[in-house]
>>> print(open('final-v3.cif').read())   # mmCIF, C-alpha atoms
data_start
loop_
_atom_site.label_atom_id
_atom_site.label_comp_id
_atom_site.auth_asym_id
_atom_site.auth_seq_id
_atom_site.Cartn_x
_atom_site.Cartn_y
_atom_site.Cartn_z
CA MET A 1 -47.04 -9.12 0.41
CA GLY A 2 -44.51 -6.65 -0.93
CA LYS A 3 -43.80 -5.11 2.47
CA ALA A 4 -43.57 -8.50 4.17
CA PHE A 5 -41.11 -9.72 1.52
CA ALA A 6 -39.03 -6.53 1.90
CA LEU A 7 -38.88 -6.96 5.66
CA VAL A 8 -37.86 -10.62 5.48
CA LEU A 9 -35.21 -9.86 2.83
CA THR A 10 -33.72 -7.06 4.95
CA ILE A 11 -33.53 -9.33 8.01
CA ILE A 12 -31.84 -12.12 6.02
CA THR A 13 -29.33 -9.63 4.58
CA ALA A 14 -28.52 -8.26 8.04
CA ILE A 15 -28.03 -11.74 9.53
CA THR A 16 -25.83 -12.82 6.60
CA VAL A 17 -23.61 -9.74 6.92
CA ALA A 18 -23.33 -10.16 10.71
CA VAL A 19 -22.27 -13.79 10.42
CA LEU A 20 -19.62 -13.03 7.80
CA VAL A 21 -18.26 -9.95 9.58
CA SER A 22 -17.86 -11.99 12.79
CA ARG A 23 -15.53 -14.35 10.89
CA HIS A 24 -16.93 -17.29 12.79
CA TRP A 25 -16.11 -19.54 9.84
CA TRP A 26 -12.81 -18.26 8.49
CA PHE A 27 -9.43 -19.43 7.27
CA PRO A 28 -6.88 -21.07 9.59
CA GLU A 29 -3.79 -19.09 10.58
CA VAL A 30 -1.36 -18.48 7.71
CA ALA A 31 1.71 -20.75 7.64
CA SER A 32 3.39 -19.71 4.38
CA ALA A 33 5.26 -16.67 3.06
CA HIS A 34 2.71 -15.86 0.34
CA GLY A 35 -0.34 -16.53 2.52
CA ALA A 36 -0.70 -13.00 3.93
CA ALA A 37 -0.84 -11.45 0.45
CA MET A 38 -3.40 -14.03 -0.65
CA ASP A 39 -5.57 -13.35 2.41
CA HIS A 40 -5.36 -9.61 1.71
CA GLN A 41 -6.47 -10.18 -1.87
CA PHE A 42 -9.34 -12.39 -0.72
CA THR A 43 -10.48 -9.73 1.78
CA GLU A 44 -10.51 -7.06 -0.93
CA THR A 45 -12.52 -9.34 -3.22
CA PHE A 46 -14.86 -10.23 -0.38
CA ILE A 47 -15.51 -6.59 0.53
CA GLY A 48 -16.14 -5.64 -3.10
CA ALA A 49 -18.60 -8.49 -3.55
CA ALA A 50 -20.24 -7.75 -0.18
CA ILE A 51 -20.93 -4.13 -1.13
CA GLY A 52 -22.63 -5.27 -4.32
CA PHE A 53 -24.60 -7.92 -2.42
CA ILE A 54 -25.84 -5.47 0.23
CA LEU A 55 -26.81 -2.80 -2.30
CA ALA A 56 -28.63 -5.35 -4.47
CA GLN A 57 -30.58 -6.89 -1.59
CA LEU A 58 -31.53 -3.61 0.04
CA GLY A 59 -32.45 -2.17 -3.34
CA LEU A 60 -34.68 -5.14 -4.02
CA ALA A 61 -36.25 -4.74 -0.58
CA ALA A 62 -36.89 -1.03 -1.21
CA PHE A 63 -38.56 -1.71 -4.55
CA ALA A 64 -40.65 -4.51 -3.06
CA TRP A 65 -41.74 -2.20 -0.24
CA LYS A 66 -42.68 0.67 -2.54
CA TYR A 67 -44.00 -1.10 -5.62
CA GLY A 68 -45.14 -4.48 -4.30
CA GLU A 69 -48.72 -5.49 -5.02
CA ARG A 70 -51.29 -4.67 -2.39
CA LYS A 71 -54.12 -6.97 -1.40
CA GLY A 72 -56.64 -7.25 -4.22
CA GLU A 73 -54.44 -5.29 -6.61
CA THR A 74 -53.22 -6.59 -9.98
CA ARG A 75 -50.59 -5.07 -12.23
CA PRO A 76 -49.54 -5.84 -15.81
CA ILE A 77 -46.45 -8.02 -16.22
CA ARG A 78 -43.57 -6.22 -17.89
CA ILE A 79 -41.23 -8.10 -20.21
CA PHE A 80 -37.49 -7.80 -19.55
CA PRO A 81 -35.69 -5.44 -20.06
CA GLY A 82 -38.64 -3.18 -19.45
CA GLY A 83 -38.81 -1.01 -16.37
CA ALA A 84 -35.83 0.76 -14.80
CA LYS A 85 -33.26 0.22 -17.54
CA TRP A 86 -30.83 2.57 -15.81
CA LEU A 87 -30.66 0.13 -12.89
CA ILE A 88 -29.68 -2.71 -15.22
CA VAL A 89 -26.98 -0.56 -16.84
CA LEU A 90 -25.70 0.51 -13.41
CA ALA A 91 -25.50 -3.10 -12.22
CA LEU A 92 -23.59 -4.16 -15.34
CA VAL A 93 -21.14 -1.25 -15.00
CA TYR A 94 -20.61 -1.95 -11.29
CA VAL A 95 -19.99 -5.68 -11.70
CA GLY A 96 -17.79 -5.18 -14.77
CA SER A 97 -15.69 -2.50 -13.07
CA GLU A 98 -15.33 -4.65 -9.97
CA ILE A 99 -14.08 -7.64 -11.97
CA ILE A 100 -11.58 -5.55 -13.95
CA LEU A 101 -10.28 -3.77 -10.83
CA LEU A 102 -9.85 -7.00 -8.86
CA GLU A 103 -8.05 -8.54 -11.85
CA PHE A 104 -5.45 -5.77 -11.84
CA VAL A 105 -5.07 -5.86 -8.06
CA GLY A 106 -4.84 -9.66 -7.83
CA GLN A 107 -2.51 -10.35 -10.74
CA LYS A 108 0.59 -9.63 -8.63
CA VAL A 109 -0.35 -12.25 -6.02
CA TRP A 110 -1.25 -14.79 -8.71
CA ALA A 111 1.94 -14.15 -10.69
CA ALA A 112 4.11 -14.54 -7.59
CA MET A 113 2.73 -18.04 -7.13
CA TYR A 114 2.36 -19.36 -10.66
CA PHE A 115 4.44 -17.25 -13.05
CA THR A 116 7.55 -16.70 -10.92
CA PRO A 117 10.13 -19.53 -10.97
CA PRO A 118 11.04 -21.17 -7.66
CA ALA A 119 14.20 -20.14 -5.85
CA ALA A 120 17.38 -21.82 -7.08
CA ASP A 121 17.98 -23.45 -3.68
CA SER A 122 14.44 -24.86 -3.38
CA LEU A 123 13.90 -28.32 -1.99
CA GLU A 124 12.36 -30.39 -4.79
CA VAL A 125 9.90 -33.15 -3.97
CA GLN A 126 7.89 -35.24 -6.41
CA VAL A 127 4.26 -35.79 -5.46
CA LEU A 128 2.22 -38.65 -6.92
CA ALA A 129 -1.57 -38.81 -6.51
CA GLY A 130 -3.63 -41.90 -7.19
CA GLN A 131 -6.89 -43.34 -5.99
CA PHE A 132 -6.88 -42.74 -3.05
CA ALA A 133 -3.52 -41.66 -1.60
CA PHE A 134 -0.55 -39.31 -1.96
CA TYR A 135 3.09 -40.42 -2.13
CA PHE A 136 6.23 -38.28 -1.98
CA ARG A 137 9.68 -38.81 -3.44
CA TYR A 138 12.87 -37.08 -2.28
CA PRO A 139 16.18 -37.16 -4.17
CA GLY A 140 19.03 -38.92 -2.39
CA PRO A 141 22.47 -37.47 -1.58
CA ASP A 142 23.17 -36.99 -5.30
CA GLY A 143 20.31 -34.46 -5.45
CA LYS A 144 18.83 -36.07 -8.58
CA PHE A 145 15.61 -37.94 -9.29
CA GLY A 146 15.91 -41.10 -11.29
CA PRO A 147 13.50 -41.52 -14.22
CA ILE A 148 9.98 -42.83 -13.71
CA HIS A 149 9.35 -46.13 -15.47
CA ALA A 150 5.61 -46.57 -15.96
CA ASP A 151 6.00 -50.30 -16.60
CA LYS A 152 7.71 -50.77 -13.22
CA ILE A 153 4.99 -49.10 -11.12
CA ASN A 154 3.78 -51.73 -8.69
CA GLU A 155 1.76 -50.84 -5.61
CA ALA A 156 2.06 -54.39 -4.23
CA SER A 157 5.83 -53.91 -3.87
CA ALA A 158 5.46 -50.22 -2.87
CA ASN A 159 7.18 -49.09 -6.08
CA PHE A 160 4.77 -46.19 -6.55
CA PHE A 161 7.08 -44.10 -8.76
CA GLY A 162 8.29 -46.92 -11.01
CA ILE A 163 11.85 -46.70 -9.73
CA ASP A 164 14.49 -48.93 -11.33
CA PRO A 165 16.71 -50.18 -8.47
CA ALA A 166 19.57 -50.66 -10.92
CA ASP A 167 19.56 -47.00 -11.93
CA PRO A 168 22.31 -45.14 -9.99
CA GLU A 169 20.26 -41.94 -9.80
CA SER A 170 17.23 -43.81 -8.42
CA LYS A 171 18.63 -46.21 -5.86
CA ASP A 172 19.19 -43.51 -3.24
CA ASP A 173 15.78 -41.85 -3.70
CA ILE A 174 13.44 -41.75 -0.70
CA VAL A 175 9.71 -42.52 -1.05
CA THR A 176 7.33 -41.76 1.83
CA ALA A 177 3.60 -41.51 2.55
CA GLU A 178 3.98 -38.16 4.32
CA LEU A 179 5.51 -34.87 3.29
CA ALA A 180 8.07 -33.18 5.55
CA VAL A 181 9.84 -29.91 4.75
CA PRO A 182 12.17 -27.56 6.68
CA VAL A 183 10.75 -24.28 7.94
CA ASN A 184 11.63 -21.04 6.11
CA LYS A 185 13.13 -22.94 3.17
CA PRO A 186 11.66 -22.64 -0.35
CA VAL A 187 9.97 -25.83 -1.52
CA ASN A 188 9.13 -26.79 -5.11
CA LEU A 189 6.65 -29.63 -5.47
CA LEU A 190 6.45 -31.52 -8.76
CA LEU A 191 2.87 -32.76 -8.93
CA ASN A 192 1.90 -35.90 -10.88
CA SER A 193 -1.24 -38.02 -11.15
CA LYS A 194 -1.24 -41.63 -12.26
CA ASP A 195 -4.92 -42.19 -12.96
CA MET A 196 -7.28 -39.18 -13.04
CA ASP A 197 -7.74 -35.58 -11.91
CA HIS A 198 -6.84 -34.99 -8.27
CA GLY A 199 -6.26 -31.90 -6.15
CA PHE A 200 -3.44 -30.92 -3.81
CA TYR A 201 -4.89 -28.63 -1.15
CA VAL A 202 -3.29 -27.36 2.08
CA PRO A 203 -5.55 -24.63 3.57
CA ASP A 204 -3.02 -23.48 6.20
CA LEU A 205 -0.38 -22.81 3.55
CA ARG A 206 -2.90 -21.28 1.10
CA ILE A 207 -1.86 -23.63 -1.70
CA GLN A 208 -4.01 -25.72 -4.00
CA GLN A 209 -3.40 -27.11 -7.45
CA ASP A 210 -5.09 -29.59 -9.77
CA MET A 211 -3.05 -32.69 -10.59
CA LEU A 212 -3.54 -34.08 -14.09
CA PRO A 213 -2.39 -37.39 -15.63
CA GLY A 214 0.47 -36.99 -18.08
CA MET A 215 1.55 -33.60 -16.70
CA GLU A 216 4.17 -32.63 -14.12
CA ILE A 217 2.90 -29.42 -12.56
CA PRO A 218 5.23 -27.35 -10.33
CA LEU A 219 3.95 -25.64 -7.18
CA HIS A 220 6.33 -23.65 -4.99
CA PHE A 221 5.95 -22.06 -1.55
CA THR A 222 7.91 -21.25 1.61
CA PRO A 223 6.55 -22.60 4.93
CA THR A 224 6.95 -20.19 7.84
CA LYS A 225 5.50 -22.02 10.82
CA VAL A 226 6.48 -25.35 12.38
CA GLY A 227 3.55 -27.76 12.66
CA LYS A 228 1.47 -30.47 11.01
CA TYR A 229 -1.02 -29.56 8.29
CA ASP A 230 -3.61 -31.63 6.46
CA ILE A 231 -3.24 -32.30 2.74
CA ALA A 232 -6.55 -33.06 1.06
CA CYS A 233 -7.68 -33.93 -2.44
CA ASN A 234 -10.27 -31.31 -3.40
CA GLN A 235 -11.29 -32.87 -6.73
CA LEU A 236 -13.98 -35.55 -6.63
CA CYS A 237 -12.05 -38.65 -7.70
CA GLY A 238 -14.18 -41.64 -6.79
CA LEU A 239 -15.78 -43.47 -3.89
CA GLY A 240 -12.69 -43.14 -1.68
CA HIS A 241 -12.26 -39.40 -2.31
CA TYR A 242 -13.41 -38.51 1.21
CA ASN A 243 -10.46 -40.42 2.67
CA MET A 244 -7.74 -39.18 0.28
CA ARG A 245 -5.53 -37.17 2.57
CA ALA A 246 -1.97 -36.96 3.87
CA VAL A 247 0.08 -34.84 6.29
CA LEU A 248 2.52 -32.04 5.57
CA GLU A 249 4.87 -31.57 8.52
CA VAL A 250 7.01 -28.43 8.76
CA LEU A 251 10.12 -29.10 10.86
CA SER A 252 13.15 -27.21 12.04
CA GLU A 253 16.22 -27.79 9.85
CA GLN A 254 17.76 -30.08 12.46
CA ASP A 255 14.61 -32.15 12.90
CA TYR A 256 14.14 -32.33 9.14
CA GLN A 257 17.63 -33.80 8.64
CA LYS A 258 16.91 -36.39 11.35
CA TRP A 259 13.60 -37.25 9.67
CA LEU A 260 15.33 -37.64 6.30
CA VAL A 261 17.92 -40.03 7.74
CA GLN A 262 15.17 -42.05 9.39
CA GLN A 263 13.19 -42.31 6.17
CA ALA A 264 16.30 -43.36 4.24
CA SER A 265 16.75 -46.27 6.65
CA PHE A 266 13.28 -47.56 5.75
CA GLN A 267 13.95 -47.80 2.00
#
>>> encode(input="final-v3.cif", output="structure tokens")
Amino acid sequence: MGKAFALVLTIITAITVAVLVSRHWWFPEVASAHGAAMDHQFTETFIGAAIGFILAQLGLAAFAWKYGERKGETRPIRIFPGGAKWLIVLALVYVGSEIILLEFVGQKVWAAMYFTPPAADSLEVQVLAGQFAFYFRYPGPDGKFGPIHADKINEASANFFGIDPADPESKDDIVTAELAVPVNKPVNLLLNSKDMDHGFYVPDLRIQQDMLPGMEIPLHFTPTKVGKYDIACNQLCGLGHYNMRAVLEVLSEQDYQKWLVQQASFQ
């Protein structure tokens, strides 16, 4: 039994490694400025974890081959941590060192996304998540968002952000059901949730962030490739979660200005 188990384990390990190395299921092409650094960090983490996985599986296969029970043979059961204690210590040291090393290597990428303030000329857009849709709010020509009035939120009249039409800073704001941004321009999203935990996830741009009620969470990035990208909620938020999605469209500066004028005419 021991040799059969070792053989099966080795085959499974080889197939798993081959599938992952082929990158048959992999990330979409990067469409943001920080995406390449994030992919590099993921690859380093992946390789480190893969080495540990391969060594552990092949080591287990080798022990099963050499020490597995033969037909008709019985051996006493040893209580953990009996046996090869040096292997346990080695595994703990390897995993601990890997985690510490990846932490130091990855902190620069993480800090660039979450601990570095957005550029001063960033386009600011408010994002509101609610069961089961996203809505986006752009400031008007004055460049200012009017205050959100919770008592004025009314989905029946499409007042998703509780805008007071009498407020001079609010009356020129633009509210849409899709997000459009100009290419190669820094964008700072201000994420809000009106009911429960949601997620803002755009795989192509390598951005994702939880959205929590009562908090306005900033998320900044710079899109680098014109195109349409899916926005999905990646936090289970109810029966309609599967259908909670929107579109992020990256446009040229000229097309973005045309889009903005068109959206303003719909308000």
>>> closest_atom_pairs(input="final-v3.cif", of="segment 113-158 of chain A", to="segment 180-190 of chain A", cutoff="10 Å", atoms="only C-alpha atoms", output="CSV")
residue,atom,partner,partner_atom,distance
A:Pro117,CA,A:Asn188,CA,9.4
A:Pro118,CA,A:Asn188,CA,6.5
A:Ala119,CA,A:Pro186,CA,6.6
A:Ala120,CA,A:Pro186,CA,8.9
A:Asp121,CA,A:Pro186,CA,7.2
A:Ser122,CA,A:Pro186,CA,4.7
A:Leu123,CA,A:Val187,CA,4.7
A:Glu124,CA,A:Asn188,CA,4.8
A:Val125,CA,A:Leu189,CA,5.0
A:Gln126,CA,A:Leu190,CA,4.6
A:Val127,CA,A:Leu190,CA,5.8
A:Leu128,CA,A:Leu190,CA,8.5
A:Phe136,CA,A:Ala180,CA,9.3
A:Arg137,CA,A:Leu190,CA,9.6
A:Tyr138,CA,A:Ala180,CA,10.0
>>> write_last_selection(input="final-v3.cif", atoms="C-alpha atoms", output="PDB file, in the coordinates of the input")
ATOM      1  CA  PRO A 117      10.130 -19.530 -10.970  1.00  0.00           C
ATOM      2  CA  PRO A 118      11.040 -21.170  -7.660  1.00  0.00           C
ATOM      3  CA  ALA A 119      14.200 -20.140  -5.850  1.00  0.00           C
ATOM      4  CA  ALA A 120      17.380 -21.820  -7.080  1.00  0.00           C
ATOM      5  CA  ASP A 121      17.980 -23.450  -3.680  1.00  0.00           C
ATOM      6  CA  SER A 122      14.440 -24.860  -3.380  1.00  0.00           C
ATOM      7  CA  LEU A 123      13.900 -28.320  -1.990  1.00  0.00           C
ATOM      8  CA  GLU A 124      12.360 -30.390  -4.790  1.00  0.00           C
ATOM      9  CA  VAL A 125       9.900 -33.150  -3.970  1.00  0.00           C
ATOM     10  CA  GLN A 126       7.890 -35.240  -6.410  1.00  0.00           C
ATOM     11  CA  VAL A 127       4.260 -35.790  -5.460  1.00  0.00           C
ATOM     12  CA  LEU A 128       2.220 -38.650  -6.920  1.00  0.00           C
ATOM     13  CA  PHE A 136       6.230 -38.280  -1.980  1.00  0.00           C
ATOM     14  CA  ARG A 137       9.680 -38.810  -3.440  1.00  0.00           C
ATOM     15  CA  TYR A 138      12.870 -37.080  -2.280  1.00  0.00           C
TER      16      TYR A 138
END
>>> closest_residue(input="final-v3.cif", among="A:Glu103, A:Asp142, A:Asp255, A:Asp197", to="Phe42 of chain A", atoms="all atoms listed in the file")
A:Glu103
>>> residues_near_point(input="final-v3.cif", point="(-0.2, -17.4, 9.6)", cutoff="10 Å", atoms="all atoms listed in the file", output="ChimeraX atom specification")
/A:27-36,39,204-206,223-225
>>> closest_residue(input="final-v3.cif", among="A:Ile51, A:Val105, A:Leu219, A:Val261", to="Ile174 of chain A", atoms="all atoms listed in the file")
A:Val261
>>> atom_distance(input="final-v3.cif", atom1="atom CA of Glu216 of chain A", atom2="atom CA of Gln262 of chain A")
27.6 Å
>>> atom_distance(input="final-v3.cif", atom1="atom CA of Glu253 of chain A", atom2="atom CA of Met113 of chain A")
23.8 Å
>>> atom_distance(input="final-v3.cif", atom1="atom CA of Ile15 of chain A", atom2="atom CA of Thr45 of chain A")
20.2 Å
>>> resolve_selection(input="final-v3.cif", expression="the PyMOL selection byres ((chain A and resi 132) around 8)", output="list of chain:residue names")
A:Ala129, A:Gly130, A:Gln131, A:Ala133, A:Phe134, A:Gly240, A:His241, A:Asn243, A:Met244
>>> write_last_selection(input="final-v3.cif", atoms="C-alpha atoms", output="PDB file, in the frame of the given file")
ATOM      1  CA  ALA A 129      -1.570 -38.810  -6.510  1.00  0.00           C
ATOM      2  CA  GLY A 130      -3.630 -41.900  -7.190  1.00  0.00           C
ATOM      3  CA  GLN A 131      -6.890 -43.340  -5.990  1.00  0.00           C
ATOM      4  CA  ALA A 133      -3.520 -41.660  -1.600  1.00  0.00           C
ATOM      5  CA  PHE A 134      -0.550 -39.310  -1.960  1.00  0.00           C
ATOM      6  CA  GLY A 240     -12.690 -43.140  -1.680  1.00  0.00           C
ATOM      7  CA  HIS A 241     -12.260 -39.400  -2.310  1.00  0.00           C
ATOM      8  CA  ASN A 243     -10.460 -40.420   2.670  1.00  0.00           C
ATOM      9  CA  MET A 244      -7.740 -39.180   0.280  1.00  0.00           C
TER      10      MET A 244
END
>>> closest_residue(input="final-v3.cif", among="A:Val226, A:Ala156, A:Asn192, A:Val175", to="Glu249 of chain A", atoms="only C-alpha atoms")
A:Val226
>>> resolve_selection(input="final-v3.cif", expression="the PyMOL selection byres ((chain A and resi 201) around 7)", output="ChimeraX atom specification")
/A:199-200,202-203,207-209,231-234
>>> decode(input="final-v3.cif", residues="segment 96-108 of chain A", atoms="N, CA and C atoms", output="PDB file, in the first residue's frame")
ATOM      1  N   GLY A  96       8.140  29.632   8.073  1.00  0.00           N
ATOM      2  CA  GLY A  96       8.295  30.917   8.752  1.00  0.00           C
ATOM      3  C   GLY A  96       9.198  31.869   7.991  1.00  0.00           C
ATOM      4  N   SER A  97      10.316  31.357   7.488  1.00  0.00           N
ATOM      5  CA  SER A  97      11.244  32.198   6.715  1.00  0.00           C
ATOM      6  C   SER A  97      10.595  32.697   5.430  1.00  0.00           C
ATOM      7  N   GLU A  98       9.810  31.824   4.795  1.00  0.00           N
ATOM      8  CA  GLU A  98       9.137  32.207   3.558  1.00  0.00           C
ATOM      9  C   GLU A  98       8.146  33.345   3.802  1.00  0.00           C
ATOM     10  N   ILE A  99       7.378  33.238   4.872  1.00  0.00           N
ATOM     11  CA  ILE A  99       6.386  34.267   5.180  1.00  0.00           C
ATOM     12  C   ILE A  99       7.064  35.603   5.486  1.00  0.00           C
ATOM     13  N   ILE A 100       8.124  35.561   6.281  1.00  0.00           N
ATOM     14  CA  ILE A 100       8.833  36.802   6.641  1.00  0.00           C
ATOM     15  C   ILE A 100       9.467  37.434   5.408  1.00  0.00           C
ATOM     16  N   LEU A 101      10.110  36.619   4.560  1.00  0.00           N
ATOM     17  CA  LEU A 101      10.760  37.141   3.357  1.00  0.00           C
ATOM     18  C   LEU A 101       9.749  37.766   2.408  1.00  0.00           C
ATOM     19  N   LEU A 102       8.628  37.073   2.176  1.00  0.00           N
ATOM     20  CA  LEU A 102       7.604  37.602   1.268  1.00  0.00           C
ATOM     21  C   LEU A 102       6.980  38.876   1.830  1.00  0.00           C
ATOM     22  N   GLU A 103       6.898  38.979   3.145  1.00  0.00           N
ATOM     23  CA  GLU A 103       6.371  40.198   3.767  1.00  0.00           C
ATOM     24  C   GLU A 103       7.252  41.392   3.450  1.00  0.00           C
ATOM     25  N   PHE A 104       8.566  41.219   3.573  1.00  0.00           N
ATOM     26  CA  PHE A 104       9.489  42.317   3.281  1.00  0.00           C
ATOM     27  C   PHE A 104       9.478  42.674   1.792  1.00  0.00           C
ATOM     28  N   VAL A 105       9.410  41.648   0.950  1.00  0.00           N
ATOM     29  CA  VAL A 105       9.427  41.888  -0.497  1.00  0.00           C
ATOM     30  C   VAL A 105       8.131  42.557  -0.953  1.00  0.00           C
ATOM     31  N   GLY A 106       6.996  42.127  -0.380  1.00  0.00           N
ATOM     32  CA  GLY A 106       5.701  42.611  -0.857  1.00  0.00           C
ATOM     33  C   GLY A 106       5.238  43.918  -0.254  1.00  0.00           C
ATOM     34  N   GLN A 107       5.885  44.390   0.806  1.00  0.00           N
ATOM     35  CA  GLN A 107       5.382  45.586   1.473  1.00  0.00           C
ATOM     36  C   GLN A 107       5.451  46.827   0.574  1.00  0.00           C
ATOM     37  N   LYS A 108       6.411  46.875  -0.339  1.00  0.00           N
ATOM     38  CA  LYS A 108       6.530  48.026  -1.224  1.00  0.00           C
ATOM     39  C   LYS A 108       5.329  48.117  -2.165  1.00  0.00           C
TER      40      LYS A 108
END
